[in-house]
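A.B. asks: The following file, input-v3.txt, comprises compact mmCIF, C-alpha atoms:
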# COMPACT_ATOMS: atom_id res chain seq x y z
CA MET A 1 24.64 -14.77 -210.87
CA ARG A 2 26.08 -13.62 -214.15
CA THR A 3 29.45 -12.06 -214.87
CA GLY A 4 30.32 -9.59 -217.60
CA PRO A 5 33.13 -9.38 -220.18
CA THR A 6 35.62 -8.47 -217.43
CA GLY A 7 34.72 -11.62 -215.51
CA LYS A 8 33.30 -9.47 -212.72
CA LEU A 9 29.75 -9.68 -211.38
CA LEU A 10 26.90 -7.88 -213.16
CA ARG A 11 25.63 -4.97 -211.06
CA ARG A 12 21.94 -5.66 -211.59
CA ASP A 13 22.36 -9.27 -210.50
CA VAL A 14 24.24 -8.19 -207.37
CA VAL A 15 21.57 -5.69 -206.37
CA ALA A 16 18.72 -8.09 -207.17
CA GLU A 17 20.29 -10.64 -204.82
CA LEU A 18 20.94 -8.09 -202.06
CA LEU A 19 17.32 -6.89 -202.19
CA ARG A 20 15.75 -10.35 -202.57
CA ASP A 21 13.07 -11.13 -199.94
CA ARG A 22 13.98 -7.83 -198.33
CA GLY A 23 11.38 -7.72 -195.58
CA GLY A 24 11.56 -4.36 -193.82
CA LEU A 25 14.89 -3.41 -195.35
CA LEU A 26 15.22 0.25 -196.31
CA ALA A 27 17.55 1.06 -199.21
CA ILE A 28 19.19 4.30 -200.25
CA GLY A 29 20.61 4.31 -203.78
CA GLY A 30 23.50 6.67 -204.50
CA LEU A 31 23.08 8.98 -207.45
CA GLY A 32 23.64 7.53 -210.90
CA ALA A 33 23.70 3.85 -211.69
CA PRO A 34 23.09 2.53 -208.14
CA ALA A 35 19.82 4.53 -208.03
CA TRP A 36 18.77 2.88 -211.30
CA ASP A 37 19.93 -0.51 -209.96
CA ILE A 38 17.72 -0.43 -206.86
CA THR A 39 14.85 0.78 -209.04
CA ALA A 40 15.36 -2.11 -211.45
CA ALA A 41 15.06 -4.47 -208.48
CA GLY A 42 11.61 -3.00 -207.76
CA ASP A 43 10.44 0.63 -207.56
CA VAL A 44 9.06 0.33 -204.02
CA PRO A 45 8.47 2.94 -201.28
CA GLU A 46 11.24 1.38 -199.17
CA ASN A 47 13.70 2.63 -201.79
CA LEU A 48 15.14 6.13 -201.77
CA PRO A 49 16.95 6.55 -205.09
CA LEU A 50 19.01 9.74 -205.21
CA TRP A 51 19.14 12.16 -208.11
CA GLY A 52 21.82 14.27 -206.43
CA GLY A 53 23.53 14.93 -203.12
CA MET A 54 26.74 13.30 -204.28
CA GLY A 55 28.86 12.21 -201.33
CA ALA A 56 26.04 12.08 -198.79
CA ALA A 57 24.39 8.69 -199.37
CA ALA A 58 26.21 6.97 -196.49
CA MET A 59 25.33 9.79 -194.09
CA MET A 60 21.68 9.58 -195.12
CA GLY A 61 21.91 5.93 -194.19
CA LEU A 62 23.30 6.87 -190.78
CA GLY A 63 20.49 9.31 -190.01
CA LEU A 64 17.89 6.78 -191.13
CA ALA A 65 19.50 3.90 -189.25
CA LEU A 66 19.61 5.93 -186.02
CA ALA A 67 15.97 6.94 -186.44
CA GLN A 68 14.80 3.38 -187.23
CA PRO A 69 17.10 1.13 -185.20
CA SER A 70 14.91 -1.96 -185.60
CA ARG A 71 15.02 -1.97 -189.42
CA PRO A 72 17.99 -2.90 -191.57
CA VAL A 73 19.23 0.02 -193.69
CA ALA A 74 21.37 -0.55 -196.79
CA VAL A 75 23.14 2.24 -198.62
CA ILE A 76 23.93 1.02 -202.12
CA THR A 77 26.19 3.46 -203.90
CA GLY A 78 29.06 3.82 -206.34
CA ASP A 79 32.80 4.19 -205.92
CA GLY A 80 32.83 7.81 -207.11
CA GLU A 81 29.99 8.77 -204.77
CA MET A 82 31.68 7.05 -201.81
CA LEU A 83 35.02 8.68 -202.52
CA MET A 84 33.40 12.13 -202.43
CA GLY A 85 32.09 11.49 -198.92
CA ILE A 86 34.89 9.25 -197.67
CA GLY A 87 35.18 11.11 -194.36
CA SER A 88 31.68 9.94 -193.47
CA LEU A 89 33.14 6.46 -192.87
CA ALA A 90 34.88 7.93 -189.80
CA THR A 91 31.67 9.60 -188.65
CA ILE A 92 29.69 6.36 -189.06
CA ALA A 93 32.34 4.15 -187.45
CA VAL A 94 32.22 6.28 -184.30
CA GLN A 95 28.42 6.00 -184.09
CA ARG A 96 28.41 2.19 -184.61
CA PRO A 97 24.86 1.78 -185.98
CA ARG A 98 24.26 -1.98 -185.88
CA ASN A 99 21.55 -1.85 -188.56
CA LEU A 100 23.53 0.03 -191.22
CA ALA A 101 25.29 -1.54 -194.20
CA ILE A 102 27.18 0.47 -196.79
CA ILE A 103 27.63 -1.34 -200.07
CA VAL A 104 29.80 0.20 -202.77
CA LEU A 105 29.28 -1.11 -206.28
CA ASP A 106 32.80 -0.54 -207.53
CA ASN A 107 33.16 -0.39 -211.31
CA GLU A 108 36.23 1.85 -210.97
CA HIS A 109 34.65 4.53 -213.16
CA TYR A 110 32.42 7.59 -213.09
CA GLY A 111 29.67 5.98 -215.13
CA GLU A 112 27.31 8.92 -215.64
CA THR A 113 29.87 11.32 -217.04
CA GLY A 114 31.67 9.29 -219.69
CA MET A 115 33.39 6.45 -217.84
CA GLN A 116 36.35 8.41 -216.54
CA GLU A 117 38.47 6.36 -214.14
CA THR A 118 38.06 6.77 -210.38
CA ALA A 119 40.77 6.36 -207.77
CA THR A 120 39.79 2.73 -207.18
CA ARG A 121 41.01 2.03 -210.73
CA HIS A 122 44.43 3.06 -209.48
CA GLY A 123 44.57 0.86 -206.43
CA VAL A 124 42.71 2.85 -203.80
CA ASP A 125 41.26 0.25 -201.43
CA LEU A 126 37.90 1.41 -200.11
CA ALA A 127 37.45 -1.60 -197.82
CA ALA A 128 40.81 -0.85 -196.23
CA MET A 129 39.80 2.77 -195.75
CA ALA A 130 36.57 1.66 -194.05
CA ARG A 131 38.56 -0.74 -191.86
CA GLY A 132 40.95 2.03 -191.00
CA ALA A 133 38.03 4.22 -190.00
CA GLY A 134 37.05 1.55 -187.49
CA ILE A 135 34.14 -0.21 -189.15
CA GLY A 136 34.42 -3.76 -187.83
CA ASP A 137 32.99 -5.78 -190.71
CA CYS A 138 34.64 -4.72 -193.99
CA ARG A 139 34.49 -6.96 -197.02
CA LEU A 140 35.81 -7.13 -200.52
CA VAL A 141 33.18 -9.02 -202.52
CA LYS A 142 33.93 -10.65 -205.86
CA THR A 143 31.85 -13.83 -206.09
CA ALA A 144 28.18 -14.80 -206.09
CA GLU A 145 28.67 -16.72 -202.84
CA GLU A 146 30.10 -13.64 -201.18
CA VAL A 147 27.13 -11.56 -202.37
CA THR A 148 24.71 -14.03 -200.80
CA ALA A 149 26.70 -13.97 -197.56
CA LEU A 150 26.60 -10.19 -197.69
CA ARG A 151 22.82 -10.28 -198.05
CA GLU A 152 22.58 -12.43 -194.92
CA ALA A 153 24.85 -10.06 -193.01
CA ILE A 154 22.76 -7.01 -193.99
CA HIS A 155 19.72 -8.64 -192.39
CA ALA A 156 21.62 -9.93 -189.34
CA GLY A 157 21.95 -6.49 -187.74
CA ALA A 158 25.57 -6.97 -186.70
CA GLY A 159 26.80 -3.81 -188.36
CA PRO A 160 28.00 -1.35 -189.16
CA LEU A 161 29.10 -3.19 -192.23
CA PHE A 162 31.01 -2.02 -195.29
CA ALA A 163 31.30 -3.97 -198.54
CA GLN A 164 33.20 -3.09 -201.67
CA VAL A 165 31.68 -5.16 -204.46
CA LYS A 166 33.74 -5.38 -207.62
CA ILE A 167 31.35 -5.21 -210.58
CA ASP A 168 31.58 -5.26 -214.34
CA GLU A 169 31.89 -1.82 -215.87
CA ALA A 170 29.68 -2.36 -218.94
CA PRO A 171 26.74 0.07 -218.93
CA VAL A 172 23.24 -1.35 -218.45
CA PRO A 173 19.88 0.12 -219.54
CA LEU A 174 18.54 3.04 -217.51
CA VAL A 175 15.66 2.21 -215.16
CA LEU A 176 14.56 5.58 -213.85
CA PRO A 177 12.64 6.17 -210.61
CA PRO A 178 10.29 9.14 -210.16
CA ARG A 179 12.26 12.38 -210.49
CA GLU A 180 10.02 14.40 -208.16
CA ALA A 181 12.01 13.94 -204.96
CA SER A 182 9.22 15.03 -202.62
CA ILE A 183 7.35 11.90 -203.72
CA LEU A 184 10.39 9.74 -203.03
CA GLN A 185 10.79 10.95 -199.45
CA ALA A 186 7.06 11.02 -198.68
CA ARG A 187 6.45 7.50 -199.91
CA MET A 188 9.31 6.12 -197.81
CA ARG A 189 8.11 7.99 -194.73
CA GLU A 190 4.60 6.65 -195.23
CA ALA A 191 5.96 3.12 -195.68
CA ILE A 192 7.73 3.45 -192.32
CA MET A 193 5.24 5.45 -190.26
CA GLY A 194 1.93 5.14 -192.08
CA PRO A 195 -0.28 8.13 -192.93
CA ALA A 196 0.78 9.79 -189.65
CA ALA A 197 4.08 10.54 -191.41
CA HIS A 198 2.37 13.40 -193.22
CA LEU A 199 1.12 14.93 -189.98
CA GLN A 200 4.47 15.02 -188.17
CA MET B 1 16.11 35.58 -163.90
CA PRO B 2 19.39 34.48 -165.53
CA ASP B 3 21.19 37.02 -167.66
CA ALA B 4 20.51 36.44 -171.39
CA THR B 5 24.11 37.41 -172.24
CA GLU B 6 25.19 34.11 -170.67
CA ASP B 7 22.04 32.06 -170.84
CA TRP B 8 21.27 31.93 -174.55
CA PRO B 9 22.91 28.52 -175.19
CA ASP B 10 20.72 27.02 -172.46
CA GLN B 11 17.70 28.64 -174.04
CA ILE B 12 18.59 27.01 -177.37
CA TYR B 13 18.91 23.65 -175.62
CA GLY B 14 15.45 24.16 -174.13
CA LEU B 15 14.05 24.85 -177.60
CA LEU B 16 15.67 21.72 -179.01
CA LYS B 17 13.89 19.72 -176.30
CA GLU B 18 10.61 21.52 -176.92
CA HIS B 19 10.83 20.62 -180.61
CA ASP B 20 11.75 16.99 -179.81
CA ILE B 21 15.12 17.17 -181.56
CA ARG B 22 16.74 13.72 -181.43
CA GLN B 23 19.75 14.05 -183.76
CA VAL B 24 22.30 16.84 -183.35
CA ALA B 25 24.84 16.98 -186.17
CA LEU B 26 27.77 19.31 -185.74
CA VAL B 27 31.23 20.46 -186.52
CA PRO B 28 32.30 22.12 -183.28
CA ASP B 29 32.55 25.86 -182.83
CA ALA B 30 33.61 27.66 -179.68
CA GLY B 31 30.39 29.65 -179.81
CA HIS B 32 28.38 26.43 -179.59
CA SER B 33 30.51 24.74 -176.90
CA ARG B 34 28.04 25.23 -174.04
CA LEU B 35 25.10 24.03 -176.14
CA ILE B 36 27.11 21.00 -177.31
CA LYS B 37 27.84 20.07 -173.68
CA ARG B 38 24.14 20.23 -172.83
CA CYS B 39 23.28 18.01 -175.81
CA LEU B 40 26.02 15.50 -174.99
CA ALA B 41 24.63 15.17 -171.47
CA ASP B 42 21.16 14.33 -172.83
CA ASN B 43 20.52 10.61 -173.38
CA ASP B 44 17.58 11.35 -175.70
CA MET B 45 19.81 13.22 -178.15
CA ARG B 46 22.31 11.59 -180.47
CA VAL B 47 25.19 14.00 -180.98
CA VAL B 48 27.16 13.24 -184.13
CA THR B 49 30.45 15.01 -184.76
CA LEU B 50 30.95 15.30 -188.52
CA THR B 51 34.15 15.41 -190.54
CA THR B 52 32.62 18.15 -192.70
CA GLU B 53 29.39 20.08 -192.42
CA GLU B 54 27.64 18.77 -195.54
CA GLU B 55 27.59 15.33 -193.94
CA GLY B 56 25.03 16.78 -191.55
CA ILE B 57 22.65 17.66 -194.37
CA GLY B 58 22.64 14.06 -195.55
CA MET B 59 22.28 12.76 -192.00
CA LEU B 60 19.33 14.99 -191.13
CA PHE B 61 17.61 14.06 -194.38
CA GLY B 62 17.97 10.41 -193.35
CA ALA B 63 16.68 11.24 -189.87
CA TRP B 64 13.56 12.84 -191.34
CA LEU B 65 13.00 9.81 -193.59
CA GLY B 66 12.93 7.75 -190.41
CA GLY B 67 10.66 10.14 -188.49
CA GLU B 68 13.23 11.88 -186.29
CA LYS B 69 13.93 15.58 -186.12
CA GLY B 70 17.46 16.93 -186.14
CA VAL B 71 19.43 20.15 -186.17
CA LEU B 72 22.78 21.12 -187.69
CA LEU B 73 25.17 23.22 -185.61
CA MET B 74 28.17 24.85 -187.24
CA GLN B 75 30.33 27.91 -187.65
CA SER B 76 29.83 30.27 -190.58
CA SER B 77 32.87 28.89 -192.41
CA GLY B 78 31.09 25.52 -192.53
CA VAL B 79 28.21 27.01 -194.48
CA GLY B 80 30.56 27.19 -197.44
CA ASN B 81 31.00 23.43 -197.28
CA CYS B 82 27.24 22.91 -197.54
CA ILE B 83 26.30 24.82 -200.67
CA ASN B 84 25.50 22.09 -203.22
CA MET B 85 24.21 19.70 -200.57
CA LEU B 86 21.39 22.16 -199.81
CA SER B 87 19.82 20.81 -203.01
CA VAL B 88 18.89 17.68 -201.02
CA PRO B 89 16.34 19.24 -198.62
CA ILE B 90 15.17 21.65 -201.32
CA ALA B 91 14.45 18.98 -203.94
CA HIS B 92 12.94 16.57 -201.41
CA ARG B 93 11.07 19.33 -199.54
CA THR B 94 12.34 18.25 -196.14
CA PRO B 95 13.19 20.26 -193.00
CA LEU B 96 16.77 21.34 -192.31
CA PRO B 97 17.20 23.78 -189.42
CA MET B 98 20.72 25.14 -189.03
CA ILE B 99 22.13 27.17 -186.14
CA VAL B 100 25.22 29.02 -187.28
CA THR B 101 27.66 30.89 -185.06
CA MET B 102 29.28 33.71 -186.98
CA ARG B 103 32.97 34.34 -187.55
CA GLY B 104 34.35 37.02 -189.84
CA ASP B 105 31.40 39.11 -188.90
CA TYR B 106 32.11 41.77 -186.27
CA GLY B 107 35.59 42.45 -184.94
CA GLU B 108 37.21 39.40 -186.54
CA PHE B 109 40.95 38.86 -186.01
CA ASN B 110 41.61 36.01 -188.49
CA PRO B 111 41.71 37.09 -192.17
CA PHE B 112 40.69 33.63 -193.37
CA GLN B 113 37.35 33.87 -191.58
CA VAL B 114 36.25 37.07 -193.28
CA PRO B 115 35.42 35.94 -196.86
CA MET B 116 32.96 33.24 -195.83
CA GLY B 117 31.69 35.15 -192.79
CA ASN B 118 30.88 38.12 -194.97
CA ALA B 119 29.11 35.92 -197.52
CA THR B 120 27.27 33.50 -195.22
CA GLN B 121 23.81 35.04 -195.39
CA GLN B 122 23.94 35.72 -199.13
CA VAL B 123 25.18 32.23 -199.91
CA LEU B 124 22.45 30.58 -197.85
CA GLU B 125 19.77 32.79 -199.35
CA ALA B 126 21.09 32.17 -202.85
CA MET B 127 20.49 28.48 -202.14
CA GLY B 128 16.91 28.95 -201.02
CA THR B 129 17.42 28.99 -197.25
CA LEU B 130 15.31 31.20 -194.98
CA VAL B 131 17.84 33.16 -192.91
CA LYS B 132 17.27 35.15 -189.71
CA ARG B 133 19.97 36.90 -187.69
CA ALA B 134 20.30 37.35 -183.94
CA ASP B 135 22.71 40.12 -182.99
CA ALA B 136 21.70 40.56 -179.35
CA PRO B 137 21.59 37.81 -176.71
CA GLU B 138 17.89 38.29 -176.03
CA ASP B 139 17.12 37.77 -179.73
CA VAL B 140 18.79 34.34 -179.96
CA ALA B 141 16.02 32.17 -178.49
CA PRO B 142 13.09 33.69 -180.42
CA THR B 143 15.10 33.59 -183.64
CA VAL B 144 16.12 29.95 -183.17
CA ASN B 145 12.52 29.10 -182.32
CA ALA B 146 11.37 30.70 -185.58
CA THR B 147 14.07 28.82 -187.49
CA LEU B 148 12.97 25.48 -186.03
CA ARG B 149 9.30 26.22 -186.63
CA MET B 150 9.77 27.31 -190.22
CA ALA B 151 11.89 24.26 -191.02
CA PHE B 152 9.51 21.67 -189.58
CA ASN B 153 6.26 23.43 -190.50
CA THR B 154 7.18 24.45 -194.04
CA TYR B 155 9.71 21.75 -195.07
CA ARG B 156 12.82 23.64 -196.16
CA PRO B 157 16.30 24.65 -195.05
CA THR B 158 16.28 27.47 -192.50
CA ALA B 159 19.08 29.12 -190.55
CA THR B 160 19.67 31.33 -187.56
CA LEU B 161 22.93 33.25 -187.72
CA ILE B 162 24.17 34.16 -184.26
CA GLY B 163 26.26 37.28 -184.71
CA GLN B 164 29.77 37.76 -183.42
CA ARG B 165 28.47 40.60 -181.26
CA VAL B 166 26.65 37.96 -179.23
CA ILE B 167 29.49 35.45 -179.10
CA GLY B 168 32.43 37.84 -178.86
CA ALA B 169 35.34 37.95 -181.27
CA LYS B 170 38.34 35.70 -180.62
CA THR B 171 41.33 38.03 -180.32
CA PHE B 172 44.32 35.70 -179.82
CA GLY B 173 45.46 38.10 -177.07
CA LYS B 174 45.74 41.08 -179.43
Mind turning the file's structure into structure tokens?
C.D. replies:
Amino acid sequence: MRTGPTGKLLRRDVVAELLRDRGGLLAIGGLGAPAWDITAAGDVPENLPLWGGMGAAAMMGLGLALAQPSRPVAVITGDGEMLMGIGSLATIAVQRPRNLAIIVLDNEHYGETGMQETATRHGVDLAAMARGAGIGDCRLVKTAEEVTALREAIHAGAGPLFAQVKIDEAPVPLVLPPREASILQARMREAIMGPAAHLQ
Amino acid sequence: MPDATEDWPDQIYGLLKEHDIRQVALVPDAGHSRLIKRCLADNDMRVVTLTTEEEGIGMLFGAWLGGEKGVLLMQSSGVGNCINMLSVPIAHRTPLPMIVTMRGDYGEFNPFQVPMGNATQQVLEAMGTLVKRADAPEDVAPTVNATLRMAFNTYRPTATLIGQRVIGAKTFGK
């Protein structure tokens, strides 16, 4: 797994490892770079890349995890997106969904709007906030070995799990998913429920 | 036959069962307290208390992705917290039924409730939500039923506003 100029992990390599041999894993990508990251790893129906809804990615993961308790659900989002919906960590901790993992790719910047600094740049500790909310397994991830261990934990179903992954801030090429969001939801529903999804 | 002036929360609960609602997202309101108790007592419903109402929009979108139906319960002030997040069910064309108890609507005592209460319907409609009001107890159940049907049959945000004339205005003893 490569590192960038800052010595931190490259975001695309992190996401490629997390989604490797994913089996039935369902992934929600927070708006902006994480949505492009999960798309770069493979634009598959089990991915729901977000074009908006900033602050709600983790809660989407909760609703999905409760509806599909036998499948692992990974929310892969950014530090800015997580900060906007930080209260949802309390909501999720109370519900204790064992199959939900929330992974924050923390580059300490708002990448889509000109690389303005986020609060994590100034010491705000997202993993500590998740721990304080009551999520049992909270990790700060900085190395390739820790990413691989995180991948195993996502599939183990011993969540809820929260990981703050420190990543390099250098921008990477856009890999855009379909922009018609009705396609994105319908293809995931069909992947989960088959054609009957469209007759619900 | 039970009196509709008292029975309407139980009628809503019955409709939630009829529509196979499995996830109930809410920020509590006194007007919803009886309905919330019924839902909490039901092992087939997951009641999720939110820190802010827009969380519920994300959650119910996720529920629909996974094949479960949900409903969002809140007070009119909470509608203001949901505005931009309504883009999620609109862009994805997914159901989002909301049952809103009104404050700042009819005989309100608290000045802070009036701005959002007065704007609730316009704000929801400005964001593409189908809104129906129930201002008499006997209108609550048919209106909620229509709201649930239009959400799940036509894939969009819908809302029933239950007027303060039904719930009664909180007077703080004044």
A.B. asks: Residues near Met74 in chain B, anyone? I mean within 8 Å using only C-alpha atoms, not counting same-chain ones fewer than 2 positions away, as a list of chain:residue names.
C.D. replies: B:Leu26, B:Val27, B:Pro28, B:Asp29, B:His32, B:Glu53, B:Leu72, B:Ser76, B:Gly78, B:Val79, B:Met98, B:Ile99, B:Val100, B:Thr101
A.B. asks: For chain B against chain A, which residues fall within 8 Å using all atoms listed in the file, given as a PyMOL selection string?
C.D. replies: chain B and resi 23+48-52+54-68+84-85+87-88+91-94
A.B. asks: Quick one: distance from CA of Gly31 in chain B to CA of Gly168 in chain B in Å, one decimal?
C.D. replies: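 Calculated distance between CA of Gly31 in chain B and CA of Gly168 in chain B is 8.5 Å.
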A.B. asks: I need the residue nearest Phe152 in chain B from this list: A:Asp106, A:His198, A:Thr118, A:Glu17. Use all atoms listed in the file for the distance.
C.D. replies: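 Checking each candidate against Phe152 in chain B, we get A:His198 as the closest.
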A.B. asks: Contacts of Lys37 in chain B at 12 Å or less, counting all atoms listed in the file, minus same-chain residues fewer than 6 places along, as an NGL selection string?
C.D. replies: :B and (9-10 or 13 or 24 or 28-31 or 43 or 45 or 47)
A.B. asks: Take the residues from that selection and put them in a file with C-alpha atoms, as a PDB file, in the frame of the given file.
C.D. replies:
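As written to disk, part19.pdb reads:
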ATOM      1  CA  PRO B   9      22.910  28.520-175.190  1.00  0.00           C
ATOM      2  CA  ASP B  10      20.720  27.020-172.460  1.00  0.00           C
ATOM      3  CA  TYR B  13      18.910  23.650-175.620  1.00  0.00           C
ATOM      4  CA  VAL B  24      22.300  16.840-183.350  1.00  0.00           C
ATOM      5  CA  PRO B  28      32.300  22.120-183.280  1.00  0.00           C
ATOM      6  CA  ASP B  29      32.550  25.860-182.830  1.00  0.00           C
ATOM      7  CA  ALA B  30      33.610  27.660-179.680  1.00  0.00           C
ATOM      8  CA  GLY B  31      30.390  29.650-179.810  1.00  0.00           C
ATOM      9  CA  ASN B  43      20.520  10.610-173.380  1.00  0.00           C
ATOM     10  CA  MET B  45      19.810  13.220-178.150  1.00  0.00           C
ATOM     11  CA  VAL B  47      25.190  14.000-180.980  1.00  0.00           C
TER      12      VAL B  47
END
A.B. asks: Would you please work out which residue, of A:Asp168, A:Glu112, A:Asp137, A:Asp43, is nearest to Ala27 in chain A when using all atoms listed in the file?
C.D. replies: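 Ranked by minimum distance to Ala27 in chain A, first place goes to A:Asp43.
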A.B. asks: Using all atoms listed in the file, determine which residues lie at most 12 Å from range 8-13 of chain A, disregarding the query and same-chain residues fewer than 3 positions distant; provide the list as a ChimeraX atom specification.
C.D. replies: /A:1-5,16-20,33-42,76-78,103-108,141-148,165-175
A.B. asks: Interatomic distance between CA of Arg149 in chain B and CA of Gly70 in chain B?
C.D. replies: 12.4 Å
A.B. asks: Just to confirm, what's the straight-line distance from CA of Met116 in chain B to CA of Gly104 in chain B in Å (one decimal)?
C.D. replies: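 The value is 7.2 Å.
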A.B. asks: Counting only C-alpha atoms, which residues of range 11-128 of chain A fall within 6 Å of range 151-161 of chain A, and what is the closest atom pair for each with its distance in Å at one decimal, ordered by chain and rising number, as CSV?
C.D. replies:
residue,atom,partner,partner_atom,distance
A:Leu18,CA,A:Arg151,CA,4.9
A:Arg96,CA,A:Pro160,CA,5.8
A:Pro97,CA,A:Pro160,CA,5.5
A:Arg98,CA,A:Gly159,CA,4.0
A:Asn99,CA,A:Gly157,CA,4.7
A:Leu100,CA,A:Pro160,CA,5.1
A:Ala101,CA,A:Leu161,CA,4.6
A.B. asks: Which residue out of B:Arg165, B:Lys69, B:Arg46, B:Lys174 has the minimum interatomic distance to Arg133 in chain B when only C-alpha atoms are used?
C.D. replies: B:Arg165
A.B. asks: Using only C-alpha atoms, which residues sit within 12 Å of Trp8 in chain B once same-chain residues fewer than 4 positions away are excluded, as a PDB file with C-alpha atoms, in the coordinates of the input?
C.D. replies:
ATOM      1  CA  PRO B   2      19.390  34.480-165.530  1.00  0.00           C
ATOM      2  CA  ASP B   3      21.190  37.020-167.660  1.00  0.00           C
ATOM      3  CA  ALA B   4      20.510  36.440-171.390  1.00  0.00           C
ATOM      4  CA  ILE B  12      18.590  27.010-177.370  1.00  0.00           C
ATOM      5  CA  TYR B  13      18.910  23.650-175.620  1.00  0.00           C
ATOM      6  CA  GLY B  14      15.450  24.160-174.130  1.00  0.00           C
ATOM      7  CA  LEU B  15      14.050  24.850-177.600  1.00  0.00           C
ATOM      8  CA  GLY B  31      30.390  29.650-179.810  1.00  0.00           C
ATOM      9  CA  HIS B  32      28.380  26.430-179.590  1.00  0.00           C
ATOM     10  CA  SER B  33      30.510  24.740-176.900  1.00  0.00           C
ATOM     11  CA  ARG B  34      28.040  25.230-174.040  1.00  0.00           C
ATOM     12  CA  LEU B  35      25.100  24.030-176.140  1.00  0.00           C
ATOM     13  CA  ALA B 134      20.300  37.350-183.940  1.00  0.00           C
ATOM     14  CA  ASP B 135      22.710  40.120-182.990  1.00  0.00           C
ATOM     15  CA  ALA B 136      21.700  40.560-179.350  1.00  0.00           C
ATOM     16  CA  PRO B 137      21.590  37.810-176.710  1.00  0.00           C
ATOM     17  CA  GLU B 138      17.890  38.290-176.030  1.00  0.00           C
ATOM     18  CA  ASP B 139      17.120  37.770-179.730  1.00  0.00           C
ATOM     19  CA  VAL B 140      18.790  34.340-179.960  1.00  0.00           C
ATOM     20  CA  ALA B 141      16.020  32.170-178.490  1.00  0.00           C
ATOM     21  CA  PRO B 142      13.090  33.690-180.420  1.00  0.00           C
ATOM     22  CA  THR B 143      15.100  33.590-183.640  1.00  0.00           C
ATOM     23  CA  VAL B 144      16.120  29.950-183.170  1.00  0.00           C
ATOM     24  CA  ILE B 162      24.170  34.160-184.260  1.00  0.00           C
ATOM     25  CA  VAL B 166      26.650  37.960-179.230  1.00  0.00           C
ATOM     26  CA  ILE B 167      29.490  35.450-179.100  1.00  0.00           C
TER      27      ILE B 167
END
